[in-house]
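Student: Below is the structure I would like to discuss, written out as structure tokens.
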Protein chains: 4
Amino acid sequence: MEKKILKYGMVGGSLSSFIGNVHRIAYNFERDVQLAAGCFSSDPDKSRETGKAYGLDGSRVYDSFEEMARLESRRADRIDFVDINTPNNVHYEIVKAFLSYGFNIVCEKPLCLELDQAAELEALAAEKGVLFAVTYAYSGYAMPKFAKQLIAQGKIGRIFNVRAEYLQDWLLGQIGEDGGSEGLLSAWRVDPALAGRSNCVGDIGTHIESMVNYMTGLELKRVQARISRFGHPLDLDANIQVEFTNGAYGQYTCSQVSSGYCNALKVRIFGTNGAIEWDQEAPDALRVTIKGQPTQVYQRGTDHVYGRAAQLSRIPSGHPEGYYVAYANFLKIVLDALRKKLAGEKLTEEDMDFPGIREGAMGTRFVHAVIESGDNDSKWVEV
Amino acid sequence: MEKKILKYGMVGGSLSSFIGNVHRIAYNFERDVQLAAGCFSSDPDKSRETGKAYGLDGSRVYDSFEEMARLESRRADRIDFVDINTPNNVHYEIVKAFLSYGFNIVCEKPLCLELDQAAELEALAAEKGVLFAVTYAYSGYAMPKFAKQLIAQGKIGRIFNVRAEYLQDWLLGQIGEDGGSEGLLSAWRVDPALAGRSNCVGDIGTHIESMVNYMTGLELKRVQARISRFGHPLDLDANIQVEFTNGAYGQYTCSQVSSGYCNALKVRIFGTNGAIEWDQEAPDALRVTIKGQPTQVYQRGTDHVYGRAAQLSRIPSGHPEGYYVAYANFLKIVLDALRKKLAGEKLTEEDMDFPGIREGAMGTRFVHAVIESGDNDSKWVEV
Amino acid sequence: MEKKILKYGMVGGSLSSFIGNVHRIAYNFERDVQLAAGCFSSDPDKSRETGKAYGLDGSRVYDSFEEMARLESRRADRIDFVDINTPNNVHYEIVKAFLSYGFNIVCEKPLCLELDQAAELEALAAEKGVLFAVTYAYSGYAMPKFAKQLIAQGKIGRIFNVRAEYLQDWLLGQIGEDGGSEGLLSAWRVDPALAGRSNCVGDIGTHIESMVNYMTGLELKRVQARISRFGHPLDLDANIQVEFTNGAYGQYTCSQVSSGYCNALKVRIFGTNGAIEWDQEAPDALRVTIKGQPTQVYQRGTDHVYGRAAQLSRIPSGHPEGYYVAYANFLKIVLDALRKKLAGEKLTEEDMDFPGIREGAMGTRFVHAVIESGDNDSKWVEV
Amino acid sequence: MEKKILKYGMVGGSLSSFIGNVHRIAYNFERDVQLAAGCFSSDPDKSRETGKAYGLDGSRVYDSFEEMARLESRRADRIDFVDINTPNNVHYEIVKAFLSYGFNIVCEKPLCLELDQAAELEALAAEKGVLFAVTYAYSGYAMPKFAKQLIAQGKIGRIFNVRAEYLQDWLLGQIGEDGGSEGLLSAWRVDPALAGRSNCVGDIGTHIESMVNYMTGLELKRVQARISRFGHPLDLDANIQVEFTNGAYGQYTCSQVSSGYCNALKVRIFGTNGAIEWDQEAPDALRVTIKGQPTQVYQRGTDHVYGRAAQLSRIPSGHPEGYYVAYANFLKIVLDALRKKLAGEKLTEEDMDFPGIREGAMGTRFVHAVIESGDNDSKWVEV
């Protein structure tokens, strides 16, 4: 059966954009989605150059996102959804504009930088009834989905502790041997005007929060945090204690200055009947230890991995699927859900198997709570 | 500067084709290459359906590869190269047809099944002066390129032993507990009419041979082999001793029935001054141990990885690039070389950084030598 | 040159004692130390049976530790030191008795259970000027010593964060799937009368504290903790945030109910110029990542490991030295220091390369602070 | 119940002997075995010094092994067995002497250097009916015993391929960058008069052969080998193909010049229903993959490890038992068997769970066959 071809517009994603290019390639994993419009840069020349390179009709390459939202909304062949991957500090206004016109939205994380923005967008999205995805794309990997399934089936019993971390070292050059500020290789990341209240927690700490929530369904209640800025305006390292609404608790840590780590998002979930562990740097494996049994290492694509993780598996086991496939899987699920929505079908929980605006807003709230705790002698702060 | 858009045709790669889809997605990582023609299946209906799905002009979707080669060769806007990804047993005739018309070729491995075919194609390609790539695509990963560079720089001294393996277990169901034949899940793989003289050595053993040659430049001289067919017409497991033309030697082993292994291509190269190891299942790392020093683990995308491996790195370190990126890198190098060739520039050795027809022919010769040794009490057989 | 033979007495360590037997075997690694007296059990019959099995002169096998301390103190050939490895709850009184008579002491951890006891013993030991070792024996492994040396040399710069854990799962059977109490396989461990204020933190959390202090020299200032008792009187799982007196901070976690972990003490130390990691379950390796360099894996016994770690290395690299060797190394250093002390030589800091009574007292203070924080909504508690 | 105290004599093992000290420490793990006599060196002064240090009665410290064998054989309180750990080249004559007097023997590997010696000793031992152990001590680790048990239970079906290796790099300094001889740090090892026909294969290759035989019971039939001497009189690197008497086959490789490896004995056994892997450098784990199931990692000392491996486990899981414990376990089994023999009980196969003279002789035959093949263009040579 032929699938309906979905048309999307992009805000951000000029030719030199890293993450825009990742989105484009990820959509290209599918045959049934096409780029149809865009405002690829706040610089109209760059936007047009990009539209041309992508072979777009010039009339659908826009000089501003407001114009794009307004004009696209009037077209009979309007885009089915917009993909927003601009710098973080303008997410809010762009999302708001497209929500106003009722567009379905795929938005890069973070949803926005401020608490009131998050609340406003969440309310507006609910009012408009649009489909909304926030690209915490690591949830697109096959094995976190297998973890989610095993946990939902009760395999590891009742979760009591979550130990999770996201460590990098690429900003180590920004601190001196004495622990003070050194250089500014990525100035925007530690500039509050562009990055908001947090650098490290906002950029990668939120991935911990999101992935744990994705796998377990646990909701954060409050946090205690120790953060470190090393003389910069924003944080580069944080240790966090968390408590969930159901009484379970956890320990998170994130850093951009921890030598020896590239992109080490590692989640370990401990329950009364076993534990599950997943590591983004070796994403095709899942370690599972059921009480009284030897540790089992499940590999994506093998006969013993079933359910959603098996359906999404694209290539034979042992060929690493990697980061682009995580994005491609993430977007494929969004596209399938959107297609169902456009066909007037009811969306099930399984269809909505991706972080949405609620999770996006939670990311913003998590960041604010962590920084507030860090700035107040690690006191408990409600999320 | 704008790059010339290259147009390619595809033979094979119908909608349900696995490897054809991999090629298509890999080309889509680039912006400057477009599918322009195709004979996607030996079934004309399937071919047309595929062409339509890809949005091709109907006049360039062909019913047979001969027709495609002939008609494309007459067009002013003829394709710049053809990508062949059909079943293995028809590679020979398709390659021959396109060579005859002087097309540049990207061909899936194996180049062909028979020794005389290999010799014939090698001679014809030389005569025609075309650019020819055989997609031993694992060489597209960044870190084997870093290994190649370190070895060429003499970091590990003179190589004396190569220990390499490629283990899988996905055909374990095809042998019974008594070691006899059981079921035939993938019948064509053990059917000599379709797979030629070998199943396991041909499918994966050749990747060992190719990768070792790629990293080290060593040329095989002769082999000793113990193969096992478990009651099937073709092999599923093989242990191989090799000797190179320069006197170095090695030990290879490949299997599709080795429990616990998914796609474990692992190459370990031992020199008088150190050793280098690479594992396809964790492709972003390279283990290097220089004499008298602790083992060093290099990670793709970090500051300490330089040269070609750094240039090809697409995403920040610690985000696994995976199998599709290996293909994308492989093809990107081919496309860049082709663009230079079409511009009349001289191609350097660095431009030609991919297995070509010579390496493809070596694959066929390797398979024949191994099977002949295996069938003759493991005697030495010249490659 | 002949070394003086040291004579020791043992309190605890009857034939069926696990840890007593470990001590005995560890002393047997050396030739220059002999068991000469003992009160091996609070049950005189067991004590005598043990003394006989060890071939002791019956006059030096005692019915009570008080008698042993008193009578040994009067002998011309009195023991050179006493080794105490009884149940934890009687350490205090035994240590006190032997200190009163001025004996040098090797005492199993914990030093004692109560804060006032710790202060009293610390003062008494100082007054008596004895040599005192508390067997946090993991510091006897070669590679933590190499870590200590590299850190002292400034290789990783200024330490800002320590992430360390000690996870086990052997008490998982003591909690039900609902998180409540289940069974009591090791009742004494969760009996406050015998184990004091803590089970998990006291038993294994203290090893984290001790090892971090050993490697780095950092002193704890305060802690925040989340502990979990699962319906038992004492804790089985704890997440801890720590702050050191110099402003560095850290995150500890320990558990006896974390599925998939046997005895996983893992310490990761992050500095402004690099990081060092050590894992008790693979004790012969040390991972070191200096800023801008690939991770290096040092192996005990190789040419590139130098200093104290090299001197202590007993067998060729790659033969795991293991737990008994950690004890043997620990005790060998104590014995060498004691021999120097008895010879009237001045002891250097290097001679005293083992946790002493100060570190033992810190263990008690750490436990109390963690439990107090855990019982008071994770507030900061000074250590 | 009290166990009979066994008395042993030692040939070799002077104070400065490495392996003699390992044996002594390993015996000291038990309480029921005592050193009673010795000829610790071919230098009588050294022998006496050693005897004194061990507290032996001077009348039982001998100047020559012949004297020791003769005089001990006449004593009513003669030693129960002799432990031989001299240099390899004198094993033969010492074993022969003690066998002549009917002593039970524990002998370091290799049993002897020549084929005729092996045959002679094997016959003599059979004639005398003594208990004979050859210390291929790696079989003393707990997890190879668990592997042996799982294999005997048929868990992995019928074995068809064994891939095993033993790699070291400590002699890398003995070869130059050009692959020729460099220095002679360990001259005796490459001196045929002292080391016999082989260095590397004899020293470590035999451990592969022995461990595979121990785990699987497979008997070697013939070998093909490629060896490398790098300008020295004896080998430092070898690749070997093997065939077993039952038709199974395997691939072995051993080296003392493979950079990055310390003492890496790794055995992988592949059967029609699964595979088992063990690594001497991480000896407490066993990887098992049964067909169609995820890989399972068994850990020594946990509830799911049963049988002999559980009985021998000395310390809680996760505390590495290491090399000394392997020796201690090995010797404990020998001592238990000897005690039964001395009590006139019948020894079962389980009692005799250690390599004996037959396996010792096989080691010698293996070495000769490998070297003969290596010197004859890798032809098949019967073992």
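Chain lettering (A, B, ...) mirrors the order of the structure tokens, residue numbering begins at 1 for each chain separately, and ligand numbering begins at 1 in order of display.
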Name the residues in contact with range 79-83 of chain A at a cut-off of 8 Å, using only C-alpha atoms, excluding same-chain residues fewer than 3 positions from it; report them as a PDB file with N, CA, C and O atoms, in the first residue's frame.
Tutor:
```pdb
ATOM      1  N   LEU A   6       4.231  12.985   2.961  1.00  0.00           N
ATOM      2  CA  LEU A   6       4.098  14.147   3.837  1.00  0.00           C
ATOM      3  C   LEU A   6       5.045  15.253   3.369  1.00  0.00           C
ATOM      4  O   LEU A   6       6.171  14.984   2.976  1.00  0.00           O
ATOM      5  N   LYS A   7       4.551  16.489   3.449  1.00  0.00           N
ATOM      6  CA  LYS A   7       5.380  17.644   3.054  1.00  0.00           C
ATOM      7  C   LYS A   7       5.735  18.432   4.308  1.00  0.00           C
ATOM      8  O   LYS A   7       4.869  18.711   5.123  1.00  0.00           O
ATOM      9  N   TYR A   8       7.008  18.751   4.414  1.00  0.00           N
ATOM     10  CA  TYR A   8       7.383  19.533   5.593  1.00  0.00           C
ATOM     11  C   TYR A   8       8.122  20.804   5.209  1.00  0.00           C
ATOM     12  O   TYR A   8       8.708  20.905   4.130  1.00  0.00           O
ATOM     13  N   GLY A   9       8.012  21.768   6.125  1.00  0.00           N
ATOM     14  CA  GLY A   9       8.800  22.980   6.012  1.00  0.00           C
ATOM     15  C   GLY A   9       9.851  22.970   7.101  1.00  0.00           C
ATOM     16  O   GLY A   9       9.712  22.280   8.110  1.00  0.00           O
ATOM     17  N   MET A  10      10.925  23.720   6.863  1.00  0.00           N
ATOM     18  CA  MET A  10      11.989  23.726   7.857  1.00  0.00           C
ATOM     19  C   MET A  10      12.274  25.174   8.262  1.00  0.00           C
ATOM     20  O   MET A  10      12.371  26.051   7.410  1.00  0.00           O
ATOM     21  N   VAL A  11      12.426  25.405   9.571  1.00  0.00           N
ATOM     22  CA  VAL A  11      12.921  26.688  10.043  1.00  0.00           C
ATOM     23  C   VAL A  11      14.285  26.406  10.666  1.00  0.00           C
ATOM     24  O   VAL A  11      14.391  25.602  11.600  1.00  0.00           O
ATOM     25  N   ALA A  36       9.228  20.860   1.464  1.00  0.00           N
ATOM     26  CA  ALA A  36       8.399  21.642   0.546  1.00  0.00           C
ATOM     27  C   ALA A  36       8.502  23.146   0.761  1.00  0.00           C
ATOM     28  O   ALA A  36       8.089  23.931  -0.091  1.00  0.00           O
ATOM     29  N   ALA A  37       9.029  23.557   1.891  1.00  0.00           N
ATOM     30  CA  ALA A  37       9.108  24.997   2.171  1.00  0.00           C
ATOM     31  C   ALA A  37      10.163  25.221   3.232  1.00  0.00           C
ATOM     32  O   ALA A  37      10.589  24.277   3.901  1.00  0.00           O
ATOM     33  N   GLU A  72       2.205  30.084   4.533  1.00  0.00           N
ATOM     34  CA  GLU A  72       1.951  28.644   4.380  1.00  0.00           C
ATOM     35  C   GLU A  72       0.546  28.286   4.864  1.00  0.00           C
ATOM     36  O   GLU A  72      -0.119  27.419   4.299  1.00  0.00           O
ATOM     37  N   PHE A  98       4.081  29.232  14.813  1.00  0.00           N
ATOM     38  CA  PHE A  98       3.502  28.115  14.054  1.00  0.00           C
ATOM     39  C   PHE A  98       2.334  27.471  14.791  1.00  0.00           C
ATOM     40  O   PHE A  98       1.391  26.998  14.176  1.00  0.00           O
ATOM     41  N   PHE A 103      -0.090  24.627  13.091  1.00  0.00           N
ATOM     42  CA  PHE A 103       0.772  23.645  12.422  1.00  0.00           C
ATOM     43  C   PHE A 103       1.215  22.549  13.390  1.00  0.00           C
ATOM     44  O   PHE A 103       1.477  22.818  14.566  1.00  0.00           O
ATOM     45  N   ASN A 104       1.332  21.346  12.857  1.00  0.00           N
ATOM     46  CA  ASN A 104       2.011  20.283  13.583  1.00  0.00           C
ATOM     47  C   ASN A 104       3.496  20.609  13.606  1.00  0.00           C
ATOM     48  O   ASN A 104       4.030  21.175  12.642  1.00  0.00           O
ATOM     49  N   ILE A 105       4.166  20.220  14.688  1.00  0.00           N
ATOM     50  CA  ILE A 105       5.526  20.696  14.886  1.00  0.00           C
ATOM     51  C   ILE A 105       6.478  19.593  15.341  1.00  0.00           C
ATOM     52  O   ILE A 105       6.160  18.797  16.227  1.00  0.00           O
ATOM     53  N   VAL A 106       7.657  19.576  14.681  1.00  0.00           N
ATOM     54  CA  VAL A 106       8.810  18.835  15.206  1.00  0.00           C
ATOM     55  C   VAL A 106       9.828  19.897  15.599  1.00  0.00           C
ATOM     56  O   VAL A 106      10.267  20.669  14.747  1.00  0.00           O
ATOM     57  N   CYS A 107      10.174  19.967  16.879  1.00  0.00           N
ATOM     58  CA  CYS A 107      11.074  21.011  17.349  1.00  0.00           C
ATOM     59  C   CYS A 107      12.290  20.407  18.024  1.00  0.00           C
ATOM     60  O   CYS A 107      12.173  19.487  18.842  1.00  0.00           O
ATOM     61  N   GLU A 108      13.459  20.929  17.660  1.00  0.00           N
ATOM     62  CA  GLU A 108      14.654  20.484  18.352  1.00  0.00           C
ATOM     63  C   GLU A 108      14.522  20.847  19.832  1.00  0.00           C
ATOM     64  O   GLU A 108      13.879  21.820  20.196  1.00  0.00           O
TER      65      GLU A 108
END
```
Student: Would you mind writing down, as a PyMOL selection string, each residue of range 83-314 of chain D that DSSP on the backbone assigns to strand (DSSP E or B)?
Tutor: chain D and resi 83-84+104-107+132-134+159-167+175+181+220-228+237-244+249-255+264-271+274-279+285-290+295-299
Student: Please determine the contact residues of chain C with respect to chain D at a cut-off of 9 Å, counting only C-alpha atoms, and supply them as number ranges by chain.
Tutor: C: 18, 21-22, 24-26, 28-32, 53-54, 168, 170, 261-264, 280-283, 299, 301-303, 314-325
Student: Apply DSSP to the backbone of this structure and, from range 12-200 of chain D, keep only the residues in alpha helix (DSSP H); write these as a PyMOL selection string.
Tutor: chain D and resi 18-28+44-53+65-74+91-100+115-128+142-152+192-195+200
Student: Name all residues at most 10 Å from range 376-379 of chain D (count only C-alpha atoms; drop same-chain ones fewer than 4 positions away) and give them as an MDAnalysis selection string.
Tutor: (chainID B and resid 224 241 377:380) or (chainID D and resid 222:227 239:241 370:372)
Student: Next, dump the selected residues to file, keeping only all heavy atoms, as a compact mmCIF listing (two decimals), in the first residue's frame.
Tutor:
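For reference, part15.txt as written:
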```
# COMPACT_ATOMS: atom_id res chain seq x y z
N GLN B 224 46.10 -21.58 3.61
CA GLN B 224 45.76 -22.93 4.07
C GLN B 224 44.42 -22.82 4.75
O GLN B 224 44.22 -21.89 5.55
CB GLN B 224 46.76 -23.42 5.12
CG GLN B 224 48.04 -23.97 4.60
CD GLN B 224 48.93 -24.48 5.75
OE1 GLN B 224 48.99 -23.88 6.81
NE2 GLN B 224 49.64 -25.56 5.52
N GLN B 241 44.92 -19.99 7.45
CA GLN B 241 46.26 -19.43 7.66
C GLN B 241 46.65 -18.71 6.36
O GLN B 241 46.42 -19.26 5.27
CB GLN B 241 47.30 -20.53 7.91
CG GLN B 241 46.97 -21.46 9.07
CD GLN B 241 47.70 -21.08 10.35
OE1 GLN B 241 47.55 -19.98 10.87
NE2 GLN B 241 48.47 -22.01 10.87
N ASP B 377 42.71 -31.12 2.02
CA ASP B 377 43.41 -31.39 3.28
C ASP B 377 44.26 -30.20 3.73
O ASP B 377 45.37 -30.37 4.24
CB ASP B 377 44.27 -32.64 3.14
CG ASP B 377 44.61 -33.24 4.51
OD1 ASP B 377 43.79 -33.09 5.45
OD2 ASP B 377 45.69 -33.83 4.64
N SER B 378 43.76 -29.02 3.51
CA SER B 378 44.40 -27.80 4.01
C SER B 378 45.80 -27.56 3.46
O SER B 378 46.64 -26.95 4.12
CB SER B 378 44.48 -27.81 5.55
OG SER B 378 43.27 -28.17 6.12
N LYS B 379 46.05 -28.00 2.26
CA LYS B 379 47.36 -27.73 1.65
C LYS B 379 47.47 -26.25 1.32
O LYS B 379 46.47 -25.53 1.22
CB LYS B 379 47.54 -28.57 0.39
CG LYS B 379 46.67 -28.10 -0.78
CD LYS B 379 47.05 -28.78 -2.09
CE LYS B 379 46.20 -28.20 -3.23
NZ LYS B 379 46.45 -28.84 -4.52
N TRP B 380 48.68 -25.76 1.16
CA TRP B 380 48.88 -24.38 0.72
C TRP B 380 48.36 -24.22 -0.70
O TRP B 380 48.66 -25.04 -1.57
CB TRP B 380 50.37 -24.02 0.70
CG TRP B 380 50.98 -23.67 2.03
CD1 TRP B 380 51.98 -24.34 2.66
CD2 TRP B 380 50.68 -22.54 2.86
NE1 TRP B 380 52.32 -23.71 3.84
CE2 TRP B 380 51.54 -22.60 3.98
CE3 TRP B 380 49.76 -21.48 2.77
CZ2 TRP B 380 51.51 -21.64 5.01
CZ3 TRP B 380 49.73 -20.54 3.79
CH2 TRP B 380 50.60 -20.62 4.89
N ARG D 222 46.37 -33.69 14.96
CA ARG D 222 47.48 -33.18 14.16
C ARG D 222 47.45 -31.66 14.12
O ARG D 222 46.43 -31.04 14.44
CB ARG D 222 47.45 -33.77 12.75
CG ARG D 222 46.14 -33.56 12.02
CD ARG D 222 46.17 -34.18 10.62
NE ARG D 222 44.98 -33.79 9.89
CZ ARG D 222 44.86 -33.82 8.57
NH1 ARG D 222 45.86 -34.28 7.81
NH2 ARG D 222 43.74 -33.42 7.98
N VAL D 223 48.56 -31.08 13.70
CA VAL D 223 48.68 -29.61 13.68
C VAL D 223 49.38 -29.13 12.41
O VAL D 223 50.16 -29.86 11.80
CB VAL D 223 49.51 -29.11 14.90
CG1 VAL D 223 48.86 -29.50 16.21
CG2 VAL D 223 50.94 -29.61 14.85
N GLN D 224 49.04 -27.89 12.06
CA GLN D 224 49.76 -27.14 11.03
C GLN D 224 50.23 -25.86 11.69
O GLN D 224 49.44 -25.23 12.41
CB GLN D 224 48.80 -26.74 9.90
CG GLN D 224 48.53 -27.79 8.86
CD GLN D 224 47.61 -27.24 7.76
OE1 GLN D 224 46.70 -26.47 8.02
NE2 GLN D 224 47.85 -27.65 6.53
N ALA D 225 51.46 -25.46 11.43
CA ALA D 225 51.91 -24.27 12.16
C ALA D 225 52.81 -23.36 11.33
O ALA D 225 53.57 -23.80 10.46
CB ALA D 225 52.64 -24.68 13.42
N ARG D 226 52.69 -22.10 11.60
CA ARG D 226 53.58 -21.07 11.08
C ARG D 226 54.25 -20.47 12.29
O ARG D 226 53.56 -19.94 13.18
CB ARG D 226 52.73 -20.04 10.33
CG ARG D 226 53.49 -18.94 9.66
CD ARG D 226 54.26 -19.49 8.47
NE ARG D 226 54.65 -18.44 7.52
CZ ARG D 226 55.72 -17.66 7.67
NH1 ARG D 226 56.51 -17.81 8.71
NH2 ARG D 226 56.00 -16.74 6.78
N ILE D 227 55.57 -20.60 12.41
CA ILE D 227 56.25 -20.05 13.57
C ILE D 227 57.26 -19.00 13.14
O ILE D 227 57.69 -18.96 11.98
CB ILE D 227 56.96 -21.14 14.41
CG1 ILE D 227 58.08 -21.80 13.59
CG2 ILE D 227 55.97 -22.17 14.93
CD1 ILE D 227 58.94 -22.74 14.40
N ASN D 239 51.28 -19.23 14.72
CA ASN D 239 49.88 -19.46 14.35
C ASN D 239 49.72 -20.95 14.05
O ASN D 239 50.51 -21.52 13.31
CB ASN D 239 49.51 -18.66 13.10
CG ASN D 239 49.46 -17.16 13.35
OD1 ASN D 239 49.48 -16.72 14.50
ND2 ASN D 239 49.41 -16.38 12.28
N ILE D 240 48.67 -21.53 14.60
CA ILE D 240 48.53 -22.99 14.54
C ILE D 240 47.10 -23.37 14.16
O ILE D 240 46.15 -22.80 14.69
CB ILE D 240 48.87 -23.60 15.93
CG1 ILE D 240 50.25 -23.13 16.40
CG2 ILE D 240 48.78 -25.11 15.89
CD1 ILE D 240 50.52 -23.40 17.88
N GLN D 241 46.98 -24.31 13.23
CA GLN D 241 45.68 -24.94 12.97
C GLN D 241 45.72 -26.32 13.61
O GLN D 241 46.73 -27.02 13.48
CB GLN D 241 45.45 -25.12 11.46
CG GLN D 241 45.56 -23.86 10.63
CD GLN D 241 44.20 -23.25 10.30
OE1 GLN D 241 43.43 -22.91 11.21
NE2 GLN D 241 43.93 -23.07 9.04
N VAL D 370 54.25 -29.00 16.62
CA VAL D 370 54.11 -27.63 16.10
C VAL D 370 55.42 -27.15 15.48
O VAL D 370 55.44 -26.60 14.38
CB VAL D 370 53.67 -26.67 17.24
CG1 VAL D 370 53.82 -25.21 16.81
CG2 VAL D 370 52.23 -26.95 17.64
N ILE D 371 56.51 -27.40 16.18
CA ILE D 371 57.79 -26.92 15.66
C ILE D 371 58.15 -27.68 14.37
O ILE D 371 58.62 -27.08 13.39
CB ILE D 371 58.90 -27.07 16.72
CG1 ILE D 371 58.56 -26.26 17.97
CG2 ILE D 371 60.26 -26.63 16.15
CD1 ILE D 371 58.34 -24.77 17.75
N GLU D 372 57.86 -28.97 14.35
CA GLU D 372 58.17 -29.73 13.13
C GLU D 372 57.35 -29.20 11.96
O GLU D 372 57.86 -29.03 10.86
CB GLU D 372 57.89 -31.21 13.35
CG GLU D 372 58.35 -32.05 12.15
CD GLU D 372 58.01 -33.52 12.29
OE1 GLU D 372 57.83 -33.99 13.43
OE2 GLU D 372 57.92 -34.19 11.23
```
Student: Just how far from CA of Val381 in chain D is CA of Thr135 in chain D, in Å to one decimal?
Tutor: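 Rounded to one decimal, the two atoms are 26.2 Å apart.
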Student: For Lys109 in chain C, list every protein, DNA or RNA residue within 8 Å, evaluated using only C-alpha atoms, and leave out those in the same chain fewer than 2 positions away; present the list as number ranges by chain.
Tutor: C: 88, 107, 111-112, 134-136, 360
Student: If you measure from CA of Thr348 in chain D to CA of Lys96 in chain D, what distance in Å do you get, rounded to one decimal?
Tutor: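 Spanning CA of Thr348 in chain D to CA of Lys96 in chain D is a straight-line distance of 25.8 Å.
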Student: Name all residues at most 10 Å from Ser42 in chain C (count only C-alpha atoms; drop same-chain ones fewer than 3 positions away) and give them as a PyMOL selection string.
Tutor: chain C and resi 11-12+14+39+45-47+62-65+86
Student: What gap, in Å, lies between CA of Ala152 in chain A and CA of His232 in chain C?
Tutor: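 These two atoms are separated by 27.3 Å.
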Student: Would you list the contacts of Pro110 in chain B as a PyMOL selection string, taking every protein, DNA or RNA residue within 12 Å and counting only C-alpha atoms, but skipping same-chain residues closer than 6 positions in sequence?
Tutor: chain B and resi 84-92+95+117-118+133-137+195-196+198-199+201-207+210+355-367
Student: Please list as number ranges by chain every residue within 9 Å of range 172-181 of chain B, counting only C-alpha atoms and excluding residues in the same chain fewer than 5 positions away.
Tutor: B: 186, 229-232, 256-259; D: 156-160, 271-274, 291-292
Student: Could you check which of C:Gly154, C:Gly344, C:Gly102, C:Gly129 is closest to Arg74 in chain C, using only C-alpha atoms?
Tutor: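 Closest to Arg74 in chain C of all the choices is C:Gly102.
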